[in-house]
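**Student:** If it helps, the file is called structure_33.cif and holds mmCIF, C-alpha atoms:
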data_my_file
loop_
_atom_site.group_PDB
_atom_site.id
_atom_site.type_symbol
_atom_site.label_atom_id
_atom_site.label_comp_id
_atom_site.auth_asym_id
_atom_site.auth_seq_id
_atom_site.Cartn_x
_atom_site.Cartn_y
_atom_site.Cartn_z
ATOM 1 C CA MET A 7 4.405 17.381 21.637
ATOM 2 C CA ILE A 8 1.087 16.987 19.844
ATOM 3 C CA PRO A 9 1.739 16.236 16.155
ATOM 4 C CA PRO A 10 -0.380 17.686 13.350
ATOM 5 C CA ILE A 11 -2.720 15.183 11.694
ATOM 6 C CA ASN A 12 -2.146 15.287 7.942
ATOM 7 C CA LEU A 13 -4.577 14.133 5.267
ATOM 8 C CA LEU A 14 -2.837 12.575 2.257
ATOM 9 C CA SER A 15 -4.510 11.801 -1.046
ATOM 10 C CA SER A 16 -3.275 10.410 -4.357
ATOM 11 C CA PRO A 17 -4.267 12.930 -7.039
ATOM 12 C CA TYR A 18 -2.388 11.323 -9.919
ATOM 13 C CA TRP A 19 -4.575 8.287 -10.564
ATOM 14 C CA THR A 20 -6.123 7.898 -13.993
ATOM 15 C CA ASP A 21 -7.059 4.206 -13.739
ATOM 16 C CA TYR A 22 -8.895 4.585 -10.419
ATOM 17 C CA GLU A 23 -11.693 6.885 -9.208
ATOM 18 C CA LEU A 24 -13.903 7.073 -6.154
ATOM 19 C CA LEU A 25 -17.025 7.975 -8.107
ATOM 20 C CA ASP A 26 -19.459 8.370 -5.211
ATOM 21 C CA SER A 27 -20.142 7.200 -1.670
ATOM 22 C CA GLY A 28 -22.834 7.221 0.983
ATOM 23 C CA ASN A 29 -25.301 5.105 2.919
ATOM 24 C CA GLY A 30 -22.533 2.703 3.949
ATOM 25 C CA GLN A 31 -21.212 2.019 0.431
ATOM 26 C CA LYS A 32 -18.727 3.353 -2.113
ATOM 27 C CA LEU A 33 -18.854 3.321 -5.913
ATOM 28 C CA GLU A 34 -15.420 2.982 -7.507
ATOM 29 C CA ARG A 35 -13.856 2.617 -10.936
ATOM 30 C CA PHE A 36 -10.936 0.232 -11.304
ATOM 31 C CA GLY A 37 -9.780 0.532 -14.904
ATOM 32 C CA PRO A 38 -12.727 -0.290 -17.202
ATOM 33 C CA TYR A 39 -15.003 -1.611 -14.446
ATOM 34 C CA THR A 40 -17.088 -0.076 -11.667
ATOM 35 C CA PHE A 41 -17.740 -1.776 -8.339
ATOM 36 C CA ILE A 42 -19.835 -1.215 -5.241
ATOM 37 C CA ARG A 43 -18.161 -2.131 -1.967
ATOM 38 C CA PRO A 44 -19.182 -1.709 1.677
ATOM 39 C CA GLU A 45 -17.885 1.416 3.416
ATOM 40 C CA VAL A 46 -19.296 1.774 6.926
ATOM 41 C CA GLN A 47 -17.629 5.166 7.356
ATOM 42 C CA ALA A 48 -19.672 6.721 4.536
ATOM 43 C CA LEU A 49 -22.219 8.244 6.914
ATOM 44 C CA TRP A 50 -23.658 10.701 4.398
ATOM 45 C CA THR A 51 -26.126 10.261 1.536
ATOM 46 C CA LYS A 52 -25.167 9.334 -2.009
ATOM 47 C CA ALA A 53 -24.637 12.267 -4.379
ATOM 48 C CA LEU A 54 -25.106 10.478 -7.712
ATOM 49 C CA PRO A 55 -28.509 9.234 -8.918
ATOM 50 C CA SER A 56 -29.421 5.570 -8.512
ATOM 51 C CA GLU A 57 -28.864 4.903 -12.235
ATOM 52 C CA ASN A 58 -25.116 5.405 -11.761
ATOM 53 C CA TRP A 59 -25.058 2.875 -8.956
ATOM 54 C CA GLN A 60 -27.253 0.428 -10.837
ATOM 55 C CA ALA A 61 -24.776 0.540 -13.748
ATOM 56 C CA ALA A 62 -21.959 -0.952 -11.632
ATOM 57 C CA HIS A 63 -20.448 -4.174 -12.938
ATOM 58 C CA ALA A 64 -20.491 -5.919 -9.551
ATOM 59 C CA VAL A 65 -21.518 -5.480 -5.919
ATOM 60 C CA PHE A 66 -19.752 -7.003 -2.933
ATOM 61 C CA GLN A 67 -22.327 -8.369 -0.491
ATOM 62 C CA PRO A 68 -20.800 -8.813 2.985
ATOM 63 C CA THR A 69 -21.741 -11.380 5.591
ATOM 64 C CA GLY A 70 -21.423 -11.128 9.348
ATOM 65 C CA GLU A 71 -17.932 -12.655 9.400
ATOM 66 C CA GLU A 72 -14.725 -10.640 9.292
ATOM 67 C CA SER A 73 -14.122 -9.797 5.593
ATOM 68 C CA GLY A 74 -16.691 -12.424 4.637
ATOM 69 C CA GLY A 75 -19.045 -12.120 1.710
ATOM 70 C CA HIS A 76 -19.252 -12.634 -2.032
ATOM 71 C CA TRP A 77 -19.437 -10.722 -5.286
ATOM 72 C CA LYS A 78 -22.707 -10.402 -7.196
ATOM 73 C CA PHE A 79 -21.927 -9.729 -10.848
ATOM 74 C CA ARG A 80 -24.362 -7.688 -12.932
ATOM 75 C CA LYS A 81 -22.141 -7.579 -16.029
ATOM 76 C CA ASP A 82 -19.217 -9.572 -17.359
ATOM 77 C CA VAL A 83 -15.864 -8.816 -15.727
ATOM 78 C CA ASP A 84 -12.547 -10.318 -16.871
ATOM 79 C CA GLY A 85 -10.844 -12.716 -14.501
ATOM 80 C CA LYS A 86 -8.043 -10.149 -14.252
ATOM 81 C CA TRP A 87 -7.326 -6.868 -15.982
ATOM 82 C CA GLU A 88 -4.380 -4.487 -16.268
ATOM 83 C CA MET A 89 -4.140 -1.165 -14.448
ATOM 84 C CA GLY A 90 -1.397 1.406 -13.986
ATOM 85 C CA TYR A 91 -0.053 4.143 -11.740
ATOM 86 C CA THR A 92 2.498 6.706 -12.934
ATOM 87 C CA LEU A 93 5.237 7.684 -10.500
ATOM 88 C CA PRO A 94 6.567 11.250 -10.161
ATOM 89 C CA PRO A 95 8.157 13.280 -11.588
ATOM 90 C CA PHE A 96 7.373 11.788 -15.004
ATOM 91 C CA ARG A 97 3.599 11.802 -15.433
ATOM 92 C CA PRO A 98 2.368 11.441 -19.022
ATOM 93 C CA PRO A 99 -1.040 9.828 -19.521
ATOM 94 C CA ILE A 100 -1.182 6.141 -18.625
ATOM 95 C CA SER A 101 -2.366 5.403 -22.170
ATOM 96 C CA GLU A 102 1.085 6.468 -23.432
ATOM 97 C CA LEU A 103 2.861 4.118 -21.063
ATOM 98 C CA ARG A 104 1.505 0.695 -21.919
ATOM 99 C CA ASN A 105 5.015 -0.771 -21.982
ATOM 100 C CA GLY A 106 6.359 1.177 -18.991
ATOM 101 C CA GLY A 107 7.562 4.760 -18.864
ATOM 102 C CA ILE A 108 11.314 5.149 -19.109
ATOM 103 C CA LYS A 109 13.352 8.178 -18.085
ATOM 104 C CA GLY A 110 17.025 8.044 -17.242
ATOM 105 C CA GLY A 111 16.877 4.266 -17.458
ATOM 106 C CA LYS A 112 14.262 3.964 -14.709
ATOM 107 C CA VAL A 113 10.741 2.653 -15.027
ATOM 108 C CA ARG A 114 8.197 5.335 -14.152
ATOM 109 C CA ALA A 115 4.900 3.574 -14.782
ATOM 110 C CA LEU A 116 3.788 0.784 -12.492
ATOM 111 C CA ARG A 117 1.615 -1.767 -14.251
ATOM 112 C CA PHE A 118 -0.281 -4.392 -12.279
ATOM 113 C CA TRP A 119 -3.095 -6.915 -12.411
ATOM 114 C CA ALA A 120 -6.397 -6.255 -10.679
ATOM 115 C CA MET A 121 -9.047 -8.875 -9.979
ATOM 116 C CA THR A 122 -11.988 -9.498 -7.679
ATOM 117 C CA THR A 123 -11.146 -11.584 -4.605
ATOM 118 C CA PRO A 124 -13.264 -13.312 -1.933
ATOM 119 C CA GLY A 125 -12.174 -10.693 0.606
ATOM 120 C CA ARG A 126 -13.745 -7.701 -1.224
ATOM 121 C CA HIS A 127 -10.334 -6.358 -2.305
ATOM 122 C CA LEU A 128 -9.096 -6.060 -5.895
ATOM 123 C CA GLY A 129 -5.319 -6.254 -5.507
ATOM 124 C CA VAL A 130 -4.615 -2.565 -4.976
ATOM 125 C CA PHE A 131 -5.227 0.003 -2.252
ATOM 126 C CA PRO A 132 -5.324 3.213 -4.323
ATOM 127 C CA GLU A 133 -4.995 5.563 -1.352
ATOM 128 C CA CYS A 134 -1.460 4.220 -0.816
ATOM 129 C CA GLY A 135 -0.275 6.076 -3.918
ATOM 130 C CA ALA A 136 0.683 9.020 -1.701
ATOM 131 C CA ASN A 137 3.037 6.760 0.240
ATOM 132 C CA TRP A 138 4.518 5.226 -2.921
ATOM 133 C CA ASP A 139 5.365 8.739 -4.095
ATOM 134 C CA TRP A 140 6.966 9.627 -0.753
ATOM 135 C CA VAL A 141 9.051 6.448 -0.619
ATOM 136 C CA GLY A 142 10.235 6.971 -4.196
ATOM 137 C CA GLU A 143 11.252 10.549 -3.472
ATOM 138 C CA LYS A 144 13.208 9.538 -0.355
ATOM 139 C CA ILE A 145 15.087 6.814 -2.207
ATOM 140 C CA GLU A 146 15.761 8.997 -5.223
ATOM 141 C CA GLN A 147 17.171 11.805 -3.078
ATOM 142 C CA LYS A 148 19.715 9.488 -1.494
ATOM 143 C CA THR A 149 20.741 7.660 -4.656
ATOM 144 C CA LYS A 150 21.009 10.932 -6.585
ATOM 145 C CA ASN A 151 22.921 12.902 -3.963
ATOM 146 C CA LYS A 152 25.204 10.161 -2.642
ATOM 147 C CA ASN A 153 25.008 7.528 -5.373
ATOM 148 C CA GLU A 154 24.377 4.862 -2.710
ATOM 149 C CA GLN A 155 22.425 1.614 -2.840
ATOM 150 C CA VAL A 156 19.281 1.790 -0.693
ATOM 151 C CA ASN A 157 18.121 -1.457 0.907
ATOM 152 C CA VAL A 158 14.390 -1.586 1.632
ATOM 153 C CA LEU A 159 12.352 -4.133 3.591
ATOM 154 C CA ASN A 160 8.653 -4.357 2.706
ATOM 155 C CA LEU A 161 6.708 -6.376 5.284
ATOM 156 C CA PHE A 162 3.167 -7.571 4.503
ATOM 157 C CA GLY A 163 3.979 -6.665 0.915
ATOM 158 C CA TYR A 164 0.711 -8.009 -0.601
ATOM 159 C CA THR A 165 0.690 -7.574 -4.396
ATOM 160 C CA GLY A 166 3.914 -5.615 -4.401
ATOM 161 C CA LEU A 167 3.094 -2.082 -5.524
ATOM 162 C CA ALA A 168 5.147 -0.435 -2.766
ATOM 163 C CA THR A 169 7.951 -2.873 -3.573
ATOM 164 C CA LEU A 170 7.815 -1.921 -7.249
ATOM 165 C CA ALA A 171 7.642 1.808 -6.461
ATOM 166 C CA ALA A 172 10.902 1.457 -4.502
ATOM 167 C CA ALA A 173 12.565 -0.766 -7.101
ATOM 168 C CA ALA A 174 11.583 1.620 -9.898
ATOM 169 C CA VAL A 175 13.898 4.282 -8.467
ATOM 170 C CA GLY A 176 16.804 1.920 -7.925
ATOM 171 C CA ALA A 177 16.322 0.390 -4.468
ATOM 172 C CA ARG A 178 17.211 -3.175 -3.560
ATOM 173 C CA VAL A 179 14.013 -4.558 -2.014
ATOM 174 C CA THR A 180 13.160 -7.544 0.164
ATOM 175 C CA HIS A 181 9.438 -8.271 -0.202
ATOM 176 C CA VAL A 182 7.869 -10.400 2.549
ATOM 177 C CA ASP A 183 4.329 -11.751 2.778
ATOM 178 C CA ALA A 184 2.865 -14.819 4.452
ATOM 179 C CA SER A 185 0.644 -15.547 1.445
ATOM 180 C CA LYS A 186 2.264 -17.475 -1.401
ATOM 181 C CA LYS A 187 -0.601 -16.368 -3.650
ATOM 182 C CA SER A 188 0.081 -12.694 -2.917
ATOM 183 C CA VAL A 189 3.799 -13.071 -3.562
ATOM 184 C CA THR A 190 3.085 -14.809 -6.877
ATOM 185 C CA TRP A 191 0.734 -11.967 -7.797
ATOM 186 C CA ALA A 192 3.430 -9.425 -6.856
ATOM 187 C CA ARG A 193 5.985 -11.168 -9.062
ATOM 188 C CA GLN A 194 3.551 -11.072 -11.975
ATOM 189 C CA ASN A 195 3.155 -7.334 -11.384
ATOM 190 C CA ALA A 196 6.937 -6.944 -11.513
ATOM 191 C CA VAL A 197 6.940 -8.610 -14.930
ATOM 192 C CA LEU A 198 4.126 -6.357 -16.111
ATOM 193 C CA SER A 199 5.998 -3.255 -14.878
ATOM 194 C CA GLY A 200 9.232 -4.184 -16.616
ATOM 195 C CA LEU A 201 10.997 -4.688 -13.265
ATOM 196 C CA VAL A 202 11.604 -8.427 -13.437
ATOM 197 C CA GLU A 203 15.392 -7.878 -13.530
ATOM 198 C CA SER A 204 15.373 -5.505 -10.547
ATOM 199 C CA PRO A 205 17.118 -6.638 -7.330
ATOM 200 C CA ILE A 206 14.023 -7.862 -5.479
ATOM 201 C CA ARG A 207 13.985 -10.802 -3.060
ATOM 202 C CA TRP A 208 10.572 -12.464 -2.896
ATOM 203 C CA ILE A 209 9.990 -14.126 0.487
ATOM 204 C CA VAL A 210 7.005 -16.168 1.713
ATOM 205 C CA ASP A 211 7.330 -16.024 5.491
ATOM 206 C CA ASP A 212 5.930 -14.793 8.772
ATOM 207 C CA ALA A 213 6.998 -11.149 9.130
ATOM 208 C CA LEU A 214 8.228 -11.292 12.720
ATOM 209 C CA LYS A 215 10.130 -14.554 12.304
ATOM 210 C CA PHE A 216 11.794 -13.244 9.154
ATOM 211 C CA VAL A 217 12.921 -9.997 10.794
ATOM 212 C CA GLN A 218 14.259 -11.869 13.824
ATOM 213 C CA ARG A 219 16.334 -14.115 11.543
ATOM 214 C CA GLU A 220 17.626 -11.095 9.617
ATOM 215 C CA SER A 221 18.665 -9.519 12.912
ATOM 216 C CA ARG A 222 20.638 -12.629 13.902
ATOM 217 C CA ARG A 223 22.317 -12.615 10.480
ATOM 218 C CA GLY A 224 23.311 -8.964 10.890
ATOM 219 C CA VAL A 225 21.350 -7.837 7.817
ATOM 220 C CA LYS A 226 20.554 -4.116 7.782
ATOM 221 C CA TYR A 227 17.977 -2.008 5.914
ATOM 222 C CA ASP A 228 17.853 1.701 5.124
ATOM 223 C CA GLY A 229 14.080 1.794 4.796
ATOM 224 C CA ILE A 230 11.250 -0.309 6.226
ATOM 225 C CA LEU A 231 7.629 -0.466 5.068
ATOM 226 C CA LEU A 232 5.023 -2.022 7.348
ATOM 227 C CA ASP A 233 1.445 -2.539 6.213
ATOM 228 C CA PRO A 234 0.116 -5.026 8.772
ATOM 229 C CA PRO A 235 -3.374 -6.527 8.600
ATOM 230 C CA LYS A 236 -5.756 -6.502 11.524
ATOM 231 C CA PHE A 237 -5.634 -10.305 11.663
ATOM 232 C CA GLY A 238 -3.801 -12.944 9.665
ATOM 233 C CA ARG A 239 -1.937 -16.232 9.651
ATOM 234 C CA GLY A 240 1.609 -17.036 8.633
ATOM 235 C CA PRO A 241 2.690 -19.887 6.323
ATOM 236 C CA GLN A 242 2.884 -22.295 9.275
ATOM 237 C CA GLY A 243 -0.374 -21.112 10.850
ATOM 238 C CA GLU A 244 1.216 -18.385 12.976
ATOM 239 C CA VAL A 245 -1.477 -16.063 14.307
ATOM 240 C CA TRP A 246 -1.100 -12.314 13.754
ATOM 241 C CA GLU A 247 -3.206 -9.847 15.740
ATOM 242 C CA VAL A 248 -2.048 -6.297 15.195
ATOM 243 C CA TYR A 249 -2.637 -4.957 18.714
ATOM 244 C CA LYS A 250 -0.699 -7.811 20.314
ATOM 245 C CA ALA A 251 2.028 -8.396 17.735
ATOM 246 C CA LEU A 252 2.928 -4.939 16.403
ATOM 247 C CA PRO A 253 5.015 -3.703 19.389
ATOM 248 C CA GLU A 254 7.287 -6.758 19.229
ATOM 249 C CA LEU A 255 7.617 -6.440 15.455
ATOM 250 C CA LEU A 256 8.598 -2.767 15.719
ATOM 251 C CA ARG A 257 11.290 -3.628 18.270
ATOM 252 C CA ALA A 258 12.622 -6.313 15.926
ATOM 253 C CA CYS A 259 12.589 -3.869 13.007
ATOM 254 C CA ARG A 260 14.673 -1.377 14.994
ATOM 255 C CA SER A 261 17.406 -4.017 15.262
ATOM 256 C CA VAL A 262 17.717 -4.343 11.468
ATOM 257 C CA LEU A 263 17.920 -0.630 10.694
ATOM 258 C CA SER A 264 21.184 0.599 9.205
ATOM 259 C CA GLU A 265 23.405 3.135 10.979
ATOM 260 C CA SER A 266 21.891 5.978 8.955
ATOM 261 C CA PRO A 267 18.335 4.861 8.130
ATOM 262 C CA LEU A 268 16.334 6.691 5.510
ATOM 263 C CA PHE A 269 12.703 6.035 6.449
ATOM 264 C CA VAL A 270 10.181 3.902 8.309
ATOM 265 C CA LEU A 271 6.560 3.878 7.168
ATOM 266 C CA LEU A 272 3.693 2.283 9.102
ATOM 267 C CA THR A 273 0.197 2.024 7.589
ATOM 268 C CA VAL A 274 -2.686 0.503 9.526
ATOM 269 C CA TYR A 275 -6.075 -0.563 8.119
ATOM 270 C CA ALA A 276 -9.382 -1.796 9.487
ATOM 271 C CA VAL A 277 -8.729 -1.139 13.177
ATOM 272 C CA LYS A 278 -9.957 1.517 15.575
ATOM 273 C CA LEU A 279 -6.536 3.097 15.848
ATOM 274 C CA PRO A 280 -6.102 6.889 15.796
ATOM 275 C CA ALA A 281 -3.183 8.162 13.737
ATOM 276 C CA VAL A 282 -1.565 9.608 16.857
ATOM 277 C CA HIS A 283 -1.277 6.094 18.323
ATOM 278 C CA ALA A 284 0.614 4.879 15.253
ATOM 279 C CA TYR A 285 2.770 7.997 15.668
ATOM 280 C CA GLN A 286 3.541 7.160 19.297
ATOM 281 C CA ALA A 287 4.513 3.615 18.314
ATOM 282 C CA LEU A 288 7.113 5.004 15.887
ATOM 283 C CA VAL A 289 8.308 7.565 18.452
ATOM 284 C CA GLU A 290 9.162 4.661 20.734
ATOM 285 C CA MET A 291 10.722 2.593 17.938
ATOM 286 C CA MET A 292 12.944 5.429 16.638
ATOM 287 C CA GLU A 293 14.006 6.887 19.992
ATOM 288 C CA GLY A 294 17.504 8.345 19.874
ATOM 289 C CA LEU A 295 17.798 8.417 16.080
ATOM 290 C CA GLY A 296 16.686 12.011 15.515
ATOM 291 C CA GLY A 297 14.957 12.631 12.203
ATOM 292 C CA SER A 298 11.366 13.761 11.867
ATOM 293 C CA LEU A 299 7.986 12.123 12.369
ATOM 294 C CA GLU A 300 4.545 12.773 10.973
ATOM 295 C CA CYS A 301 1.190 11.035 11.022
ATOM 296 C CA GLY A 302 -2.271 11.281 9.572
ATOM 297 C CA GLU A 303 -4.848 9.582 7.409
ATOM 298 C CA LEU A 304 -4.816 8.300 3.845
ATOM 299 C CA VAL A 305 -7.932 9.599 2.133
ATOM 300 C CA THR A 306 -9.585 9.328 -1.254
ATOM 301 C CA VAL A 307 -11.348 12.331 -2.734
ATOM 302 C CA GLU A 308 -14.793 11.611 -4.077
ATOM 303 C CA LYS A 309 -15.438 12.715 -7.666
ATOM 304 C CA SER A 310 -19.169 13.371 -7.255
ATOM 305 C CA ALA A 311 -19.228 15.773 -4.298
ATOM 306 C CA GLY A 312 -15.583 16.201 -3.297
ATOM 307 C CA ARG A 313 -15.987 14.524 0.088
ATOM 308 C CA LEU A 314 -12.985 12.886 1.765
ATOM 309 C CA LEU A 315 -13.161 9.217 2.663
ATOM 310 C CA SER A 316 -10.583 8.075 5.215
ATOM 311 C CA GLN A 317 -9.165 4.650 4.340
ATOM 312 C CA ALA A 318 -6.220 4.123 6.708
ATOM 313 C CA VAL A 319 -3.984 5.806 9.256
ATOM 314 C CA TYR A 320 -0.249 6.169 8.801
ATOM 315 C CA ALA A 321 2.861 7.301 10.637
ATOM 316 C CA ARG A 322 6.209 7.799 9.014
ATOM 317 C CA TRP A 323 9.727 8.650 10.152
ATOM 318 C CA SER A 324 12.319 10.301 7.941
ATOM 319 C CA GLY A 325 16.017 10.452 8.647
ATOM 320 C CA THR A 326 16.473 13.524 6.452
#
The structure in this file should be written as structure tokens.

**Tutor:**
Amino acid sequence: MIPPINLLSSPYWTDYELLDSGNGQKLERFGPYTFIRPEVQALWTKALPSENWQAAHAVFQPTGEESGGHWKFRKDVDGKWEMGYTLPPFRPPISELRNGGIKGGKVRALRFWAMTTPGRHLGVFPECGANWDWVGEKIEQKTKNKNEQVNVLNLFGYTGLATLAAAAVGARVTHVDASKKSVTWARQNAVLSGLVESPIRWIVDDALKFVQRESRRGVKYDGILLDPPKFGRGPQGEVWEVYKALPELLRACRSVLSESPLFVLLTVYAVKLPAVHAYQALVEMMEGLGGSLECGELVTVEKSAGRLLSQAVYARWSGT
């Protein structure tokens, strides 16, 4: 069966905007600052006048190496600054939620630190908001209808926003990343979001090795999030290459799924991988478990001309 290719966007951002794009670049607002970053897929011309682009606080200038380059600052930018994302269904303005939005005892506003990094990223992938919403809804449905604890495994967890989105609706989360710096950043975001007391395990480890150990221990998860990089290294120098390593990781993840799993979500960046290929990988992983599968692209909608900029492909399986 040929699946439909869905386009998902995150319309609820107030602290982030894709202001314009074109000529291989994108102009974005992260909180109070605007940045220019490379975007090779922006094959069209810029819609805003050059003055808007010249007013950006900083420009990332890439080199020929993978993710190499440096920031050129035109104006002062804080070393780090606070941003927020409001989770459904409680969506008052972010300005009213500086200390976290509370409804029914659950935090509804994610707060997190953003900062410029050597790898052109700023600590958040805004297009993933659509997936945070979906994960939260899946968890909330199960906890509300059956009053059950949902155990979630977040692999390649980075700065923890998916982890916090799951914890905010009551899940018990195991957050795994090979970078100690990223895990520290994620823990700081948990403090900022008022989720420091939530049941989150913070693990610095190689994703595959961790899942294999969990399988031997008999640990099971109701939901699994996978956001693998194109290339990376584990804490002990383990090499990760997504095309070679992902099939084995998916097989390992199948072994730690609970008897009645809730979801599996795979997001893939920076590789020439059609969404249907990510879909087929999950079809193989989830064979015999029923449920439903979908796939597509995570896109951001440009403010200037309304064009869609594809940022990643995803595939996700739901048990309900």

**Student:** Of the candidates A:Phe269, A:Tyr91, A:Tyr285, A:Tyr227, which one gets nearest to A:Phe118 if we count all atoms listed in the file?

**Tutor:**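 Smallest distance to A:Phe118 is found for A:Tyr91.
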
**Student:** Translate the PyMOL selection byres ((chain A and resi 309) around 9) into a concrete residue list for this structure, as a JSON list (two decimals) with C-alpha atoms, in the coordinates of the input.

**Tutor:**
[["chain", "number", "residue", "atom", "x", "y", "z"],
["A", 23, "GLU", "CA", -11.69, 6.88, -9.21],
["A", 24, "LEU", "CA", -13.90, 7.07, -6.15],
["A", 25, "LEU", "CA", -17.02, 7.98, -8.11],
["A", 26, "ASP", "CA", -19.46, 8.37, -5.21],
["A", 307, "VAL", "CA", -11.35, 12.33, -2.73],
["A", 308, "GLU", "CA", -14.79, 11.61, -4.08],
["A", 310, "SER", "CA", -19.17, 13.37, -7.26],
["A", 311, "ALA", "CA", -19.23, 15.77, -4.30],
["A", 312, "GLY", "CA", -15.58, 16.20, -3.30],
["A", 313, "ARG", "CA", -15.99, 14.52, 0.09]]

**Student:** Quick one: pull the distance between atom CA of A:Val141 and atom CA of A:Leu93, Å, one decimal.

**Tutor:**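 That distance, rounded to one decimal, is 10.7 Å.
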
**Student:** Quick one: which residues end up in the PyMOL selection byres ((chain A and resi 130) around 8) for this structure, as an NGL selection string?

**Tutor:** :A and (120 or 127-129 or 131-132 or 165 or 167)

**Student:** Expand the PyMOL selection byres ((chain A and resi 226) around 10) into the individual residues it matches in the shown file, reporting them as a PDB file with C-alpha atoms, in the coordinates of the input.

**Tutor:**
ATOM      1  CA  ASN A 157      18.121  -1.457   0.907  1.00  0.00           C
ATOM      2  CA  VAL A 158      14.390  -1.586   1.632  1.00  0.00           C
ATOM      3  CA  LEU A 159      12.352  -4.133   3.591  1.00  0.00           C
ATOM      4  CA  GLU A 220      17.626 -11.095   9.617  1.00  0.00           C
ATOM      5  CA  SER A 221      18.665  -9.519  12.912  1.00  0.00           C
ATOM      6  CA  ARG A 223      22.317 -12.615  10.480  1.00  0.00           C
ATOM      7  CA  GLY A 224      23.311  -8.964  10.890  1.00  0.00           C
ATOM      8  CA  VAL A 225      21.350  -7.837   7.817  1.00  0.00           C
ATOM      9  CA  TYR A 227      17.977  -2.008   5.914  1.00  0.00           C
ATOM     10  CA  ASP A 228      17.853   1.701   5.124  1.00  0.00           C
ATOM     11  CA  GLY A 229      14.080   1.794   4.796  1.00  0.00           C
ATOM     12  CA  CYS A 259      12.589  -3.869  13.007  1.00  0.00           C
ATOM     13  CA  ARG A 260      14.673  -1.377  14.994  1.00  0.00           C
ATOM     14  CA  SER A 261      17.406  -4.017  15.262  1.00  0.00           C
ATOM     15  CA  VAL A 262      17.717  -4.343  11.468  1.00  0.00           C
ATOM     16  CA  LEU A 263      17.920  -0.630  10.694  1.00  0.00           C
ATOM     17  CA  SER A 264      21.184   0.599   9.205  1.00  0.00           C
ATOM     18  CA  GLU A 265      23.405   3.135  10.979  1.00  0.00           C
ATOM     19  CA  PRO A 267      18.335   4.861   8.130  1.00  0.00           C
TER      20      PRO A 267
END

**Student:** Using Å and a single decimal, report how far atom CA of A:Ala173 sits from atom CA of A:Lys148.

**Tutor:**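 Interatomic distance here is 13.7 Å.
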
**Student:** If you count all atoms listed in the file, which residues fall within 12 Å of A:Ala281, apart from same-chain ones fewer than 5 positions away, as a PDB file with C-alpha atoms, keeping the file's coordinate frame?

**Tutor:**
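Contents of result.pdb, as written:
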ATOM      1  CA  ILE A   8       1.087  16.987  19.844  1.00  0.00           C
ATOM      2  CA  PRO A   9       1.739  16.236  16.155  1.00  0.00           C
ATOM      3  CA  PRO A  10      -0.380  17.686  13.350  1.00  0.00           C
ATOM      4  CA  ILE A  11      -2.720  15.183  11.694  1.00  0.00           C
ATOM      5  CA  ASN A  12      -2.146  15.287   7.942  1.00  0.00           C
ATOM      6  CA  LEU A  13      -4.577  14.133   5.267  1.00  0.00           C
ATOM      7  CA  LEU A 272       3.693   2.283   9.102  1.00  0.00           C
ATOM      8  CA  THR A 273       0.197   2.024   7.589  1.00  0.00           C
ATOM      9  CA  VAL A 274      -2.686   0.503   9.526  1.00  0.00           C
ATOM     10  CA  TYR A 275      -6.075  -0.563   8.119  1.00  0.00           C
ATOM     11  CA  GLN A 286       3.541   7.160  19.297  1.00  0.00           C
ATOM     12  CA  ALA A 287       4.513   3.615  18.314  1.00  0.00           C
ATOM     13  CA  LEU A 288       7.113   5.004  15.887  1.00  0.00           C
ATOM     14  CA  LEU A 299       7.986  12.123  12.369  1.00  0.00           C
ATOM     15  CA  GLU A 300       4.545  12.773  10.973  1.00  0.00           C
ATOM     16  CA  CYS A 301       1.190  11.035  11.022  1.00  0.00           C
ATOM     17  CA  GLY A 302      -2.271  11.281   9.572  1.00  0.00           C
ATOM     18  CA  GLU A 303      -4.848   9.582   7.409  1.00  0.00           C
ATOM     19  CA  LEU A 304      -4.816   8.300   3.845  1.00  0.00           C
ATOM     20  CA  SER A 316     -10.583   8.075   5.215  1.00  0.00           C
ATOM     21  CA  GLN A 317      -9.165   4.650   4.340  1.00  0.00           C
ATOM     22  CA  ALA A 318      -6.220   4.123   6.708  1.00  0.00           C
ATOM     23  CA  VAL A 319      -3.984   5.806   9.256  1.00  0.00           C
ATOM     24  CA  TYR A 320      -0.249   6.169   8.801  1.00  0.00           C
ATOM     25  CA  ALA A 321       2.861   7.301  10.637  1.00  0.00           C
ATOM     26  CA  ARG A 322       6.209   7.799   9.014  1.00  0.00           C
TER      27      ARG A 322
END

**Student:** Quick one: distance from atom CA of A:Ala62 to atom CA of A:Lys81 in Å, one decimal?

**Tutor:**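 So the answer is 8.0 Å.
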
**Student:** Hey, which of A:Arg257, A:His283, A:Lys278, A:Lys32 ends up closest to A:Leu315? Count all atoms listed in the file.

**Tutor:**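 Among A:Arg257, A:His283, A:Lys278, A:Lys32, it is A:Lys32 that comes nearest to A:Leu315.
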
**Student:** Could you write out as lines of an AutoDock Vina configuration file the box around stretch 216-229 of chain A (axis-aligned, all atoms listed in the file, 6 Å on each side), with centre and edge lengths in Å to one decimal?

**Tutor:**
center_x = 17.6
center_y = -6.2
center_z = 9.3
size_x = 23.5
size_y = 27.9
size_z = 21.1

**Student:** Can you pull out every residue within 12 Å of A:Pro38, counting all atoms listed in the file, but drop anything in the same chain fewer than 3 positions away, and send it as a PyMOL selection string?

**Tutor:** chain A and resi 20-23+34-35+41+62-63+81-84+86-90+120-121

**Student:** Mind checking which residues fall within 7 Å of A:Asn160, counting all atoms listed in the file, ignoring those fewer than 4 positions away in the same chain, and posting them as a PyMOL selection string?

**Tutor:** chain A and resi 169+180-182+230-232

**Student:** With distances taken over only C-alpha atoms, which residue among A:Ala251, A:Leu279, A:Val65, A:Val179 lies nearest A:Tyr39?

**Tutor:**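 Ranking A:Ala251, A:Leu279, A:Val65, A:Val179 by distance to A:Tyr39, first place goes to A:Val65.
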